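Scroll down for the structure; my scribbles are underneath it.
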Amino acid sequence: MIIGNLDPWADTFPRGLIPEILEMVVSEWASFPQPNSNDHEVPITRRFRLVLIQSKNIKKLPVRIDREIPEDNFETGEEVGRIDLRFTHGYREDVYFTFECKRLNIIRKDNQRESLATQYVEEGMMRFITSQYASGLLDGGMIGYIMNGDIKTALQAVNRGVESRCQKLRINPPSGLCTSSLIPTNTQVKETLHNLESRKLTIHHVFLPVQ
């Protein structure tokens, strides 16, 4: 495994670790005990984290994995949110790779599908754009739990949501979900590129269908 510079005092999370994390998330989900269709993202993520910890220990991937970690404003001390899944390497609390986790394609009580793609974009991706999470960092992550297993419709809905909000998401030129530059052969992983005022941000999207 070649992962490049692992300076524990680096200003950014080691990018060489990110494809390893993305591949691990996809591969471990395949054998993860599948959630019920009415499960919410928090209990799913809590259980999934334990599997990821076992996997990264076996792989000797040099990260720690925490969940629901408070993210505080470093100037005011106010809590601005809670990080669903945080991967850290090194000694700095403000340097990490995080996943915001959202459900997609839920089945309501009337048996109708609700995509939740709007929430994925507005309440998930936007937290990176406003620097609520990953402030000053170059990479962030989204996990979409596809509750009805239909990855095609979930991807289409999220893609439309991204394309229709390009200006708000700071995507230029306008585009939607792109092929992952880190693991381009994996169709469950996509990325979006965002031009923020002080930096360029890549959000890595992992779509996990419930079977």
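Ligands are numbered from 1 in the order shown, residues from 1 within each chain, and chains are lettered A, B, ... in the order they appear in the structure tokens.
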
So which residues touch A:Arg160 within 9 Å, counting only C-alpha atoms, skipping near sequence neighbours fewer than 5 positions away, as a PDB file with C-alpha atoms, in the first residue's frame?
ATOM      1  CA  ALA A 117     -31.987  14.060  -2.747  1.00  0.00           C
ATOM      2  CA  LEU A 155     -27.759   8.778  -8.489  1.00  0.00           C
ATOM      3  CA  ARG A 165     -27.720  24.188  -7.399  1.00  0.00           C
ATOM      4  CA  GLY A 176     -23.254  17.230 -11.525  1.00  0.00           C
ATOM      5  CA  LEU A 177     -21.698  14.094 -10.102  1.00  0.00           C
TER       6      LEU A 177
END

Please provide as a list in words all residues within 12 Å of A:Asn159, with the sequence filter that same-chain residues fewer than 4 positions apart are discarded (counting only C-alpha atoms).
Ser115, Ala117, Thr118, Tyr120, Val121, Ile151, Lys152, Thr153, Ala154, Leu155, Glu163, Ser164, Arg165, Cys166, Pro174, Ser175, Gly176, Leu177, Cys178, Thr179, Lys190, Glu191, Thr192 and His205 of chain A

For stretch 8-56 of chain A against stretch 98-113 of chain A, with a cut-off of 9 Å and counting only C-alpha atoms, what is the closest atom pair and its distance in Å to one decimal for every residue that makes the cut, ordered by chain and number, as JSON lines?
{"residue": "A:Ser37", "atom": "CA", "partner": "A:Ile107", "partner_atom": "CA", "distance": 7.2}
{"residue": "A:Asn38", "atom": "CA", "partner": "A:Ile106", "partner_atom": "CA", "distance": 7.6}
{"residue": "A:His40", "atom": "CA", "partner": "A:Arg103", "partner_atom": "CA", "distance": 7.3}
{"residue": "A:Glu41", "atom": "CA", "partner": "A:Lys102", "partner_atom": "CA", "distance": 6.1}
{"residue": "A:Val42", "atom": "CA", "partner": "A:Cys101", "partner_atom": "CA", "distance": 8.1}
{"residue": "A:Thr45", "atom": "CA", "partner": "A:Cys101", "partner_atom": "CA", "distance": 7.6}

Which neighbours of A:Asp94 fall inside 12 Å, counting only C-alpha atoms, when residues of the same chain fewer than 3 positions from it are skipped, and could you give them as a list of chain:residue names?
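In the requested form, the answer reads A:Trp9, A:Ala10, A:Asp11, A:Thr12, A:Phe13, A:Ile69, A:Pro70, A:Glu71, A:Asp72, A:Asn73, A:Phe74, A:Arg86, A:Phe87, A:Thr88, A:His89, A:Gly90, A:Tyr91, A:Phe97, A:Thr98, A:Tyr133, A:Ala134, A:Ser135, A:Gly136, A:Leu137.
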
In Å, rounded to a single decimal, give me how far atom CA of A:Glu28 is from atom CA of A:Asp139.
21.6 Å
